[in-house]
Structure formats: C-alpha cells, structure tokens
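**Q** So here's entry27.pdb (PDB, C-alpha atoms).
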ATOM      1  CA  MET R 625     126.062  81.172 146.307
ATOM      2  CA  GLY R 626     129.133  83.087 147.373
ATOM      3  CA  LEU R 627     130.719  86.025 145.556
ATOM      4  CA  THR R 628     128.956  87.792 142.707
ATOM      5  CA  ILE R 629     129.716  90.845 140.610
ATOM      6  CA  GLY R 630     127.404  93.828 140.340
ATOM      7  CA  VAL R 631     127.623  96.202 137.380
ATOM      8  CA  ASP R 632     126.143  99.691 137.380
ATOM      9  CA  ILE R 633     125.980 101.345 133.952
ATOM     10  CA  GLY R 634     126.118 105.128 134.175
ATOM     11  CA  GLY R 635     126.092 107.821 131.532
ATOM     12  CA  THR R 636     129.840 108.439 131.800
ATOM     13  CA  LYS R 637     131.235 105.374 133.560
ATOM     14  CA  ILE R 638     130.600 101.696 134.207
ATOM     15  CA  ALA R 639     131.233 100.568 137.787
ATOM     16  CA  ALA R 640     131.732  96.907 138.646
ATOM     17  CA  GLY R 641     132.311  95.364 142.048
ATOM     18  CA  VAL R 642     132.770  92.006 143.707
ATOM     19  CA  VAL R 643     130.140  91.681 146.441
ATOM     20  CA  ASP R 644     129.823  89.104 149.204
ATOM     21  CA  GLU R 645     126.667  87.691 150.810
ATOM     22  CA  GLU R 646     126.624  90.461 153.438
ATOM     23  CA  GLY R 647     126.524  93.182 150.787
ATOM     24  CA  SER R 648     130.143  94.232 151.314
ATOM     25  CA  ILE R 649     132.068  95.345 148.241
ATOM     26  CA  LEU R 650     135.435  93.601 148.177
ATOM     27  CA  GLU R 651     136.891  95.165 145.056
ATOM     28  CA  THR R 652     135.760  97.659 142.425
ATOM     29  CA  CYS R 653     136.794  99.040 139.077
ATOM     30  CA  LYS R 654     135.461 101.739 136.772
ATOM     31  CA  VAL R 655     135.747 102.147 133.023
ATOM     32  CA  PRO R 656     134.420 104.894 130.717
ATOM     33  CA  THR R 657     131.012 104.304 129.143
ATOM     34  CA  PRO R 658     131.452 103.949 125.349
ATOM     35  CA  GLN R 659     128.941 105.460 122.952
ATOM     36  CA  SER R 660     128.382 102.502 120.602
ATOM     37  CA  THR R 661     126.375  99.484 121.732
ATOM     38  CA  ASP R 662     129.001  96.922 120.669
ATOM     39  CA  ALA R 663     131.749  98.797 122.489
ATOM     40  CA  LEU R 664     129.508  99.079 125.543
ATOM     41  CA  THR R 665     129.028  95.318 125.711
ATOM     42  CA  GLU R 666     132.790  94.819 125.467
ATOM     43  CA  ALA R 667     133.378  97.418 128.188
ATOM     44  CA  ILE R 668     130.966  95.642 130.528
ATOM     45  CA  ALA R 669     132.721  92.334 129.899
ATOM     46  CA  ASP R 670     136.144  93.922 130.408
ATOM     47  CA  ALA R 671     135.030  95.434 133.729
ATOM     48  CA  VAL R 672     133.694  92.056 134.893
ATOM     49  CA  ARG R 673     136.901  90.248 133.944
ATOM     50  CA  THR R 674     139.090  92.910 135.544
ATOM     51  CA  VAL R 675     137.309  93.112 138.872
ATOM     52  CA  GLY R 676     136.745  89.360 139.077
ATOM     53  CA  ALA R 677     140.385  88.393 138.594
ATOM     54  CA  GLY R 678     141.603  86.552 141.672
ATOM     55  CA  HIS R 679     138.085  85.939 143.026
ATOM     56  CA  HIS R 680     135.860  82.890 142.716
ATOM     57  CA  VAL R 681     132.837  84.635 141.216
ATOM     58  CA  GLU R 682     129.670  82.686 140.487
ATOM     59  CA  ALA R 683     127.350  85.139 138.693
ATOM     60  CA  VAL R 684     126.980  88.692 137.402
ATOM     61  CA  GLY R 685     124.148  91.190 137.885
ATOM     62  CA  ILE R 686     123.829  94.204 135.583
ATOM     63  CA  GLY R 687     121.799  97.296 136.435
ATOM     64  CA  ALA R 688     120.651  99.078 133.269
ATOM     65  CA  ALA R 689     118.552 102.227 132.926
ATOM     66  CA  GLY R 690     115.568 101.209 130.847
ATOM     67  CA  TYR R 691     112.887  98.595 130.381
ATOM     68  CA  VAL R 692     114.121  95.056 131.038
ATOM     69  CA  ASP R 693     111.966  92.084 130.012
ATOM     70  CA  GLU R 694     110.382  89.637 132.445
ATOM     71  CA  LYS R 695     113.167  87.094 131.870
ATOM     72  CA  ARG R 696     115.745  89.656 133.049
ATOM     73  CA  ALA R 697     117.678  89.084 129.850
ATOM     74  CA  THR R 698     116.795  91.723 127.243
ATOM     75  CA  VAL R 699     116.833  95.507 127.493
ATOM     76  CA  LEU R 700     113.663  96.385 125.613
ATOM     77  CA  PHE R 701     114.329 100.117 125.577
ATOM     78  CA  ALA R 702     116.957 102.380 127.113
ATOM     79  CA  PRO R 703     116.362 106.147 126.942
ATOM     80  CA  ASN R 704     120.013 107.208 127.050
ATOM     81  CA  ILE R 705     121.666 104.290 125.226
ATOM     82  CA  ASP R 706     120.839 102.984 121.756
ATOM     83  CA  TRP R 707     119.457  99.703 123.106
ATOM     84  CA  ARG R 708     116.261  98.409 121.506
ATOM     85  CA  HIS R 709     115.484  94.748 122.309
ATOM     86  CA  GLU R 710     119.155  94.303 123.188
ATOM     87  CA  PRO R 711     119.953  90.684 124.266
ATOM     88  CA  LEU R 712     122.405  91.904 126.896
ATOM     89  CA  LYS R 713     122.360  88.774 129.058
ATOM     90  CA  ASP R 714     123.379  86.473 126.192
ATOM     91  CA  LYS R 715     126.039  88.839 124.869
ATOM     92  CA  VAL R 716     127.760  89.294 128.221
ATOM     93  CA  GLU R 717     127.486  85.603 129.153
ATOM     94  CA  GLN R 718     129.237  84.671 125.927
ATOM     95  CA  ARG R 719     132.109  86.978 126.800
ATOM     96  CA  VAL R 720     132.621  86.255 130.499
ATOM     97  CA  GLY R 721     131.497  82.638 130.847
ATOM     98  CA  LEU R 722     129.302  83.316 133.887
ATOM     99  CA  PRO R 723     125.519  83.396 134.461
ATOM    100  CA  VAL R 724     124.206  86.934 133.994
ATOM    101  CA  VAL R 725     121.046  88.627 135.297
ATOM    102  CA  VAL R 726     119.970  91.994 133.855
ATOM    103  CA  GLU R 727     117.816  94.278 135.988
ATOM    104  CA  ASN R 728     116.473  97.799 135.761
ATOM    105  CA  ASP R 729     118.915 100.036 137.634
ATOM    106  CA  ALA R 730     116.273 101.583 139.920
ATOM    107  CA  ASN R 731     114.986  98.106 140.825
ATOM    108  CA  ALA R 732     118.543  97.034 141.607
ATOM    109  CA  ALA R 733     119.108 100.071 143.825
ATOM    110  CA  ALA R 734     115.792  99.481 145.588
ATOM    111  CA  TRP R 735     116.745  95.877 146.302
ATOM    112  CA  GLY R 736     120.143  96.949 147.601
ATOM    113  CA  GLU R 737     118.541  99.396 150.050
ATOM    114  CA  TYR R 738     115.908  96.872 151.120
ATOM    115  CA  LYS R 739     118.417  94.092 151.729
ATOM    116  CA  PHE R 740     121.438  95.952 153.087
ATOM    117  CA  GLY R 741     120.431  99.570 153.709
ATOM    118  CA  ALA R 742     117.550 101.592 155.089
ATOM    119  CA  GLY R 743     114.977  98.879 154.336
ATOM    120  CA  GLN R 744     116.374  96.280 156.714
ATOM    121  CA  GLY R 745     113.646  95.066 159.046
ATOM    122  CA  HIS R 746     110.855  95.917 156.588
ATOM    123  CA  SER R 747     109.020  93.452 154.362
ATOM    124  CA  ASP R 748     107.031  96.028 152.382
ATOM    125  CA  VAL R 749     109.067  98.928 151.014
ATOM    126  CA  ILE R 750     108.687 101.415 148.201
ATOM    127  CA  CYS R 751     111.875 103.130 147.023
ATOM    128  CA  ILE R 752     112.086 106.281 144.970
ATOM    129  CA  THR R 753     115.213 107.869 143.544
ATOM    130  CA  LEU R 754     115.195 111.638 143.166
ATOM    131  CA  GLY R 755     117.974 112.197 140.672
ATOM    132  CA  THR R 756     117.975 113.918 137.311
ATOM    133  CA  GLY R 757     114.708 112.047 136.818
ATOM    134  CA  LEU R 758     112.574 109.984 139.197
ATOM    135  CA  GLY R 759     112.806 106.199 139.428
ATOM    136  CA  GLY R 760     111.763 103.574 141.920
ATOM    137  CA  GLY R 761     111.273 100.006 143.008
ATOM    138  CA  ILE R 762     108.625  97.920 144.752
ATOM    139  CA  ILE R 763     109.327  95.294 147.413
ATOM    140  CA  ILE R 764     106.175  93.667 148.785
ATOM    141  CA  GLY R 765     106.237  90.560 150.948
ATOM    142  CA  ASN R 766     110.060  90.517 150.793
ATOM    143  CA  LYS R 767     109.979  90.159 147.003
ATOM    144  CA  LEU R 768     110.921  92.569 144.234
ATOM    145  CA  ARG R 769     107.759  93.174 142.234
ATOM    146  CA  ARG R 770     108.565  93.736 138.574
ATOM    147  CA  GLY R 771     105.117  93.267 137.001
ATOM    148  CA  ARG R 772     104.012  90.779 134.373
ATOM    149  CA  PHE R 773     106.267  92.205 131.658
ATOM    150  CA  GLY R 774     109.128  93.351 133.888
ATOM    151  CA  VAL R 775     108.583  97.098 133.571
ATOM    152  CA  ALA R 776     106.722  98.037 136.760
ATOM    153  CA  ALA R 777     107.671 100.893 139.115
ATOM    154  CA  GLU R 778     108.259 103.547 136.446
ATOM    155  CA  PHE R 779     106.984 106.014 139.012
ATOM    156  CA  GLY R 780     108.490 109.041 137.326
ATOM    157  CA  HIS R 781     106.052 108.668 134.446
ATOM    158  CA  ILE R 782     102.857 108.582 136.450
ATOM    159  CA  ARG R 783     100.952 111.609 135.192
ATOM    160  CA  VAL R 784     100.207 113.978 138.066
ATOM    161  CA  VAL R 785      99.178 117.048 136.021
ATOM    162  CA  PRO R 786      96.869 116.462 133.037
ATOM    163  CA  ASP R 787      98.298 118.295 130.013
ATOM    164  CA  GLY R 788     101.185 119.455 132.218
ATOM    165  CA  LEU R 789     104.854 119.937 131.403
ATOM    166  CA  LEU R 790     106.245 117.960 128.477
ATOM    167  CA  CYS R 791     108.357 115.017 129.635
ATOM    168  CA  GLY R 792     111.280 113.393 127.865
ATOM    169  CA  CYS R 793     109.182 110.240 127.552
ATOM    170  CA  GLY R 794     106.812 112.117 125.211
ATOM    171  CA  SER R 795     103.939 112.408 127.668
ATOM    172  CA  GLN R 796     102.849 115.471 129.619
ATOM    173  CA  GLY R 797     102.580 116.127 133.350
ATOM    174  CA  CYS R 798     104.773 113.237 134.536
ATOM    175  CA  TRP R 799     105.713 113.188 138.223
ATOM    176  CA  GLU R 800     109.427 113.536 137.497
ATOM    177  CA  GLN R 801     108.788 116.908 135.863
ATOM    178  CA  TYR R 802     107.768 118.178 139.295
ATOM    179  CA  ALA R 803     109.871 116.095 141.709
ATOM    180  CA  SER R 804     113.444 115.575 140.502
ATOM    181  CA  GLY R 805     116.790 117.301 140.274
ATOM    182  CA  ARG R 806     115.765 118.754 136.933
ATOM    183  CA  ALA R 807     112.591 120.169 138.489
ATOM    184  CA  LEU R 808     114.550 121.643 141.402
ATOM    185  CA  LEU R 809     116.796 123.487 138.981
ATOM    186  CA  ARG R 810     113.798 124.853 137.093
ATOM    187  CA  TYR R 811     112.156 126.065 140.307
ATOM    188  CA  ALA R 812     115.308 127.864 141.423
ATOM    189  CA  ARG R 813     115.954 129.568 138.092
ATOM    190  CA  GLN R 814     112.337 130.694 137.747
ATOM    191  CA  ARG R 815     112.241 132.098 141.261
ATOM    192  CA  ALA R 816     115.609 133.794 140.929
ATOM    193  CA  PHE R 817     114.402 135.485 137.744
ATOM    194  CA  ALA R 818     111.126 136.615 139.357
ATOM    195  CA  THR R 819     112.609 137.827 142.661
ATOM    196  CA  PRO R 820     116.384 138.291 142.350
ATOM    197  CA  GLU R 821     116.418 140.256 145.609
ATOM    198  CA  ASN R 822     115.517 137.002 147.418
ATOM    199  CA  ALA R 823     118.195 134.994 145.605
ATOM    200  CA  GLN R 824     121.301 137.041 146.260
ATOM    201  CA  ILE R 825     123.278 134.181 147.787
ATOM    202  CA  LEU R 826     122.129 131.751 145.118
ATOM    203  CA  LEU R 827     123.002 134.087 142.257
ATOM    204  CA  SER R 828     126.388 134.922 143.749
ATOM    205  CA  LEU R 829     127.417 131.263 143.641
ATOM    206  CA  GLY R 830     127.045 131.164 139.864
ATOM    207  CA  ASP R 831     127.651 133.824 137.225
ATOM    208  CA  GLY R 832     125.037 136.200 138.626
ATOM    209  CA  THR R 833     122.273 135.149 136.237
ATOM    210  CA  PRO R 834     119.399 132.689 136.752
ATOM    211  CA  GLU R 835     120.674 130.672 133.777
ATOM    212  CA  GLY R 836     124.023 130.232 135.532
ATOM    213  CA  ILE R 837     122.476 128.475 138.549
ATOM    214  CA  GLU R 838     123.476 124.819 138.924
ATOM    215  CA  GLY R 839     122.204 122.119 141.253
ATOM    216  CA  ARG R 840     125.166 122.378 143.614
ATOM    217  CA  HIS R 841     124.537 126.108 143.960
ATOM    218  CA  ILE R 842     120.989 125.479 145.180
ATOM    219  CA  SER R 843     122.185 123.119 147.902
ATOM    220  CA  GLU R 844     124.909 125.468 149.095
ATOM    221  CA  ALA R 845     122.631 128.503 149.023
ATOM    222  CA  ALA R 846     119.927 126.692 150.987
ATOM    223  CA  ARG R 847     122.452 125.785 153.677
ATOM    224  CA  GLN R 848     123.346 129.495 153.864
ATOM    225  CA  GLY R 849     119.696 130.478 154.276
ATOM    226  CA  ASP R 850     118.911 131.760 150.773
ATOM    227  CA  PRO R 851     115.078 132.158 150.606
ATOM    228  CA  VAL R 852     114.749 131.172 146.953
ATOM    229  CA  ALA R 853     116.892 128.045 147.353
ATOM    230  CA  ILE R 854     114.954 126.949 150.437
ATOM    231  CA  ASP R 855     111.622 127.610 148.732
ATOM    232  CA  SER R 856     112.733 125.606 145.696
ATOM    233  CA  PHE R 857     113.474 122.581 147.886
ATOM    234  CA  ARG R 858     110.083 122.995 149.547
ATOM    235  CA  GLU R 859     108.326 123.014 146.179
ATOM    236  CA  LEU R 860     110.086 119.826 145.125
ATOM    237  CA  ALA R 861     109.235 118.259 148.491
ATOM    238  CA  ARG R 862     105.574 119.237 148.148
ATOM    239  CA  TRP R 863     105.300 117.278 144.910
ATOM    240  CA  ALA R 864     107.405 114.375 146.165
ATOM    241  CA  GLY R 865     105.371 113.975 149.355
ATOM    242  CA  ALA R 866     102.055 114.185 147.521
ATOM    243  CA  GLY R 867     103.234 111.431 145.175
ATOM    244  CA  LEU R 868     104.244 109.224 148.090
ATOM    245  CA  ALA R 869     100.754 109.666 149.537
ATOM    246  CA  ASP R 870      99.309 108.309 146.290
ATOM    247  CA  LEU R 871     101.736 105.375 146.361
ATOM    248  CA  ALA R 872     100.661 104.658 149.955
ATOM    249  CA  SER R 873      97.086 104.295 148.706
ATOM    250  CA  LEU R 874      98.300 101.772 146.135
ATOM    251  CA  PHE R 875     100.819  99.699 148.095
ATOM    252  CA  ASP R 876     100.449 100.504 151.824
ATOM    253  CA  PRO R 877     104.152  99.945 152.624
ATOM    254  CA  SER R 878     105.681 100.236 156.074
ATOM    255  CA  ALA R 879     108.452 102.470 154.703
ATOM    256  CA  PHE R 880     109.376 104.695 151.800
ATOM    257  CA  ILE R 881     113.090 104.970 151.091
ATOM    258  CA  VAL R 882     114.174 108.140 149.332
ATOM    259  CA  GLY R 883     117.464 107.998 147.445
ATOM    260  CA  GLY R 884     119.139 109.741 144.549
ATOM    261  CA  GLY R 885     121.255 112.863 144.398
ATOM    262  CA  VAL R 886     118.558 115.200 145.716
ATOM    263  CA  SER R 887     118.185 113.107 148.881
ATOM    264  CA  ASP R 888     121.855 113.720 149.698
ATOM    265  CA  GLU R 889     120.682 117.001 151.233
ATOM    266  CA  GLY R 890     119.216 115.000 154.129
ATOM    267  CA  GLU R 891     116.635 116.676 156.334
ATOM    268  CA  LEU R 892     116.669 119.805 154.180
ATOM    269  CA  VAL R 893     114.520 117.859 151.736
ATOM    270  CA  LEU R 894     113.311 114.864 153.782
ATOM    271  CA  ASP R 895     111.549 116.833 156.513
ATOM    272  CA  PRO R 896     109.335 118.786 154.084
ATOM    273  CA  ILE R 897     108.677 115.576 152.113
ATOM    274  CA  ARG R 898     107.379 113.954 155.305
ATOM    275  CA  LYS R 899     105.160 116.942 156.023
ATOM    276  CA  SER R 900     103.742 116.909 152.507
ATOM    277  CA  PHE R 901     103.204 113.154 152.698
ATOM    278  CA  ARG R 902     101.188 113.492 155.897
ATOM    279  CA  ARG R 903      99.258 116.429 154.450
ATOM    280  CA  TRP R 904      98.106 114.522 151.353
ATOM    281  CA  LEU R 905      97.716 111.012 152.809
ATOM    282  CA  VAL R 906      94.055 110.037 152.536
ATOM    283  CA  GLY R 907      92.559 109.384 155.980
ATOM    284  CA  ASN R 908      95.850 110.403 157.563
ATOM    285  CA  GLN R 909      94.348 110.915 161.018
ATOM    286  CA  TYR R 910      92.919 107.397 161.116
ATOM    287  CA  ARG R 911      95.616 105.151 159.662
ATOM    288  CA  PRO R 912      99.221 104.170 160.405
ATOM    289  CA  HIS R 913     101.796 106.261 158.569
ATOM    290  CA  ALA R 914     104.653 104.711 156.637
ATOM    291  CA  GLN R 915     108.104 105.907 157.597
ATOM    292  CA  VAL R 916     109.929 108.119 155.101
ATOM    293  CA  LEU R 917     113.602 107.170 155.364
ATOM    294  CA  ALA R 918     116.804 108.378 153.761
ATOM    295  CA  ALA R 919     118.644 105.848 151.627
ATOM    296  CA  GLN R 920     121.845 104.607 153.254
ATOM    297  CA  LEU R 921     123.934 103.083 150.469
ATOM    298  CA  GLY R 922     124.257 106.141 148.240
ATOM    299  CA  GLY R 923     125.772 105.438 144.840
ATOM    300  CA  LYS R 924     126.623 101.850 145.826
ATOM    301  CA  ALA R 925     122.987 100.708 146.039
ATOM    302  CA  GLY R 926     122.587  99.729 142.385
ATOM    303  CA  LEU R 927     125.837  97.777 142.227
ATOM    304  CA  VAL R 928     125.173  95.922 145.493
ATOM    305  CA  GLY R 929     121.565  95.242 144.592
ATOM    306  CA  ALA R 930     122.411  93.911 141.132
ATOM    307  CA  ALA R 931     125.040  91.601 142.619
ATOM    308  CA  ASP R 932     122.571  90.211 145.159
ATOM    309  CA  LEU R 933     119.854  89.696 142.560
ATOM    310  CA  ALA R 934     122.380  87.707 140.492
ATOM    311  CA  ARG R 935     123.047  85.576 143.574
ATOM    312  CA  GLN R 936     119.367  84.622 143.664
ATOM    313  CA  GLY R 937     119.376  83.630 140.035
TER
END
Would you encode the structure as structure tokens?
**A**
Amino acid sequence: MGLTIGVDIGGTKIAAGVVDEEGSILETCKVPTPQSTDALTEAIADAVRTVGAGHHVEAVGIGAAGYVDEKRATVLFAPNIDWRHEPLKDKVEQRVGLPVVVENDANAAAWGEYKFGAGQGHSDVICITLGTGLGGGIIIGNKLRRGRFGVAAEFGHIRVVPDGLLCGCGSQGCWEQYASGRALLRYARQRAFATPENAQILLSLGDGTPEGIEGRHISEAARQGDPVAIDSFRELARWAGAGLADLASLFDPSAFIVGGGVSDEGELVLDPIRKSFRRWLVGNQYRPHAQVLAAQLGGKAGLVGAADLARQG
C-alpha cells in the first residue's frame, strides 16, 4: 500500500497528514477540535478530504485518546471527549469513502517511534509518554500488543501507591499521579511554597507565587540552576524510572522510549530516569539493562504511527 493519511485528535486541534511508506509526511492540515461529537466526526472527515486532495490515498488511520475495541473500530470510552461506544470507523468511512483504522493515540505514537524513530533496530520496545498524563505502548516481537480487548498498555493507571493520590480515572495512587507533567507541576509548587528561598528563579518567572508557576517556568528555571526546579525533575524521574523497572520485569524489552512533553527537556530528565531505573531494576547487577532512549518524532509520532497502522490494515 502506498500513501495513507494519519489523523491525530488533540484537545484543541485535529492534525491530519499524508504519509508515505518511509514515514515522511508529505502534506498536513490542522482544524480546530469541535466540542460536539457529531461536529467532531465531520471535522475529522473534512481534514482527511482537505489533506488528501491531489494525492492517491488508500486508507486512513485515526489516533484517539481513549479505549479502542479489539476490532480497531469503536471508541469504547474517551476521557476528554463525549465518546461512549462511538462507531468512529464506520462514521468516518461513510464520509470519506476510504478504509479507516482507529487506534489509541499512545499506541499509534509508540508504533511511529518503533517503526520510524528511536525504536528502529529493536524488536521489543516499550514506549511511555510523559505528558499531562502518562500513556504508553507495547511492541513485542515486532508487533503492537493491544491485549484481548484492545485496551492494553494503560500504564498511567497502574497503581503504584495503595490509597495514594486520587486520579482522574477514579482510582487512587496511579502512576501518572507521580510521573507526568501534572505531577511535575505539583512537585514544583509544593516545594516553592515550603522553601521559597530555594525557588527564587522559579518564582520570578511567574507572578511570584507558587500558584503562578507553570510547566514552562520549571523547565526554564532548571536550565538556570534553580534548586527547586531541578529537584522537582528529579522527583518525577525517580517515579518514572522505578515504573520502568517494574515494566522491565513484565516485558523484558531491549529499549524503553520516553516521549511526551516532559521528555522534551532531554538529559535533564532522561539521565535521572536512567539512574532510577538501574536503582530499582530487580537483579540489576546480574542482567542486561534495557536502553532508555529519547523519542525522536516529537508531536508527529501519533500521526505517522496511525498512518502506518492504516497501511497494514
């Protein structure tokens, strides 16, 4: 199969792109994300028609945040969109006249990194995305592993602290409450409140109060040597690395790929994640260690991965 279209549905915009067999994006377009479900379906179809004009496109892959059934057709549940058992594949196919595959957005991003990014050369890869929350994907034996019902790799909702912090999913102590962009912000604000004398740079970048700290302030302050900002990244990395050690016991991959907005800080966060991973890896002195790699495709991973998964049918 030749050209396919990948669609990445975000909270504020829908991105669509024509992708070739080498993972190169030939053309893209973006449209605002509507609030109603019917308007959202129409917006997806409009984006596909717009970006595909003038190209011989053979299929469409859609990356959606939520639980997607084993047939890659229905969004069973989406936390940020009012989709409940939404037959997205059928609705979009009817509008664009092309075969459609629906995939969880983190799975799509994981596949994109495995096929065209940091995972090249590896057959067994676990991807995690450290964004506002924590997502992931499993590639074992060169295949995306989705589980019997299609909803595997919801790593962010593995409980790491019994009766811990309340999560948006309704459970308590989920991993993403301790290793995510949201967690990083909480760490920084708490530390700035407790020891403002150690957060002078960090506080100066906002409105001078802990509540005024934003994610971008933490990154900038850490680069300038702010102790609280640096310590906040280390705390996030401690939890992230410990979680990877647990995943190594489950899957034994040759590489972990870390993506998402938090990973954009590069070695500032990756180096302490590696150290934490080695610290908590069971039998670490006797076994091979998986590599912990930075994602390479950035925000394009989900779009490229969805397009390639559509190519496979």
**Q** Given the PyMOL selection byres ((chain R and resi 778-787) around 9) and the file above, list the residues it selects as JSON, numbers by chain.
**A** {"R": [730, 752, 757, 758, 759, 760, 761, 775, 776, 777, 788, 789, 790, 791, 793, 795, 796, 797, 798, 799, 800, 801, 802, 803, 804, 867]}
**Q** From the list R:Glu859, R:Asp876, R:Glu844, R:Glu646, which residue is nearest R:Gly929 when using only C-alpha atoms?
**A**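 Checking each of R:Glu859, R:Asp876, R:Glu844, R:Glu646 against R:Gly929, counting only C-alpha atoms, the winner is R:Glu646.
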**Q** Return the single residue from R:Leu754, R:Leu905, R:Val716, R:Leu868 that is closest to R:Leu664, with distances computed using only C-alpha atoms.
**A**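 Among R:Leu754, R:Leu905, R:Val716, R:Leu868, it is R:Val716 that comes nearest to R:Leu664.
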**Q** In terms of the shortest atom-to-atom distance over only C-alpha atoms, which of R:Arg770, R:Arg696, R:Lys654, R:Arg935 is closest to R:Ile638?
**A**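 Comparing R:Arg770, R:Arg696, R:Lys654, R:Arg935 against R:Ile638, the winner is R:Lys654.
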**Q** Restricting the calculation to all atoms listed in the file: of R:Val655, R:Ala733, R:Val725, R:Leu874, which residue gets closest to R:Thr753?
**A**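 Distance minimum relative to R:Thr753 lands on R:Ala733.
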**Q** May I ask for the distance between atom CA of R:Gly687 and atom CA of R:Val643, given in Å to one decimal place?
**A** 14.2 Å
**Q** May I have the residues within 8 Å of stretch 879-882 of chain R as a list in words, using only C-alpha atoms and disregarding those fewer than 5 positions away in the same chain?
**A**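 The contact residues come out as Glu737, Ala742, Gly743, His746, Asp748, Val749, Ile750, Cys751, Ile752, Thr753, Leu754, Leu868, Ser887, Ala914, Gln915, Val916, Leu917, Ala918 and Ala919 of chain R.
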**Q** One decimal, Å: what's the distance from atom CA of R:Ser747 over to atom CA of R:Gly765, could you say?
**A**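 Answer for the atom CA of R:Ser747 to atom CA of R:Gly765 separation: 5.3 Å.
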**Q** Quote the spacing between atom CA of R:Leu894 and atom CA of R:Gly647 in Å to one decimal place.
**A** 25.6 Å
**Q** Given the file shown, determine the residues that the PyMOL selection byres ((chain R and resi 698-708) around 9) selects; report them as an MDAnalysis selection string.
**A** chainID R and resid 635 659:661 688:697 709:714 726:728 792:793
**Q** Neighbours of R:Ala812 within 8 Å (all atoms listed in the file; same-chain residues fewer than 6 positions away dropped), as number ranges by chain?
**A** R: 834, 837, 842, 852-853, 856
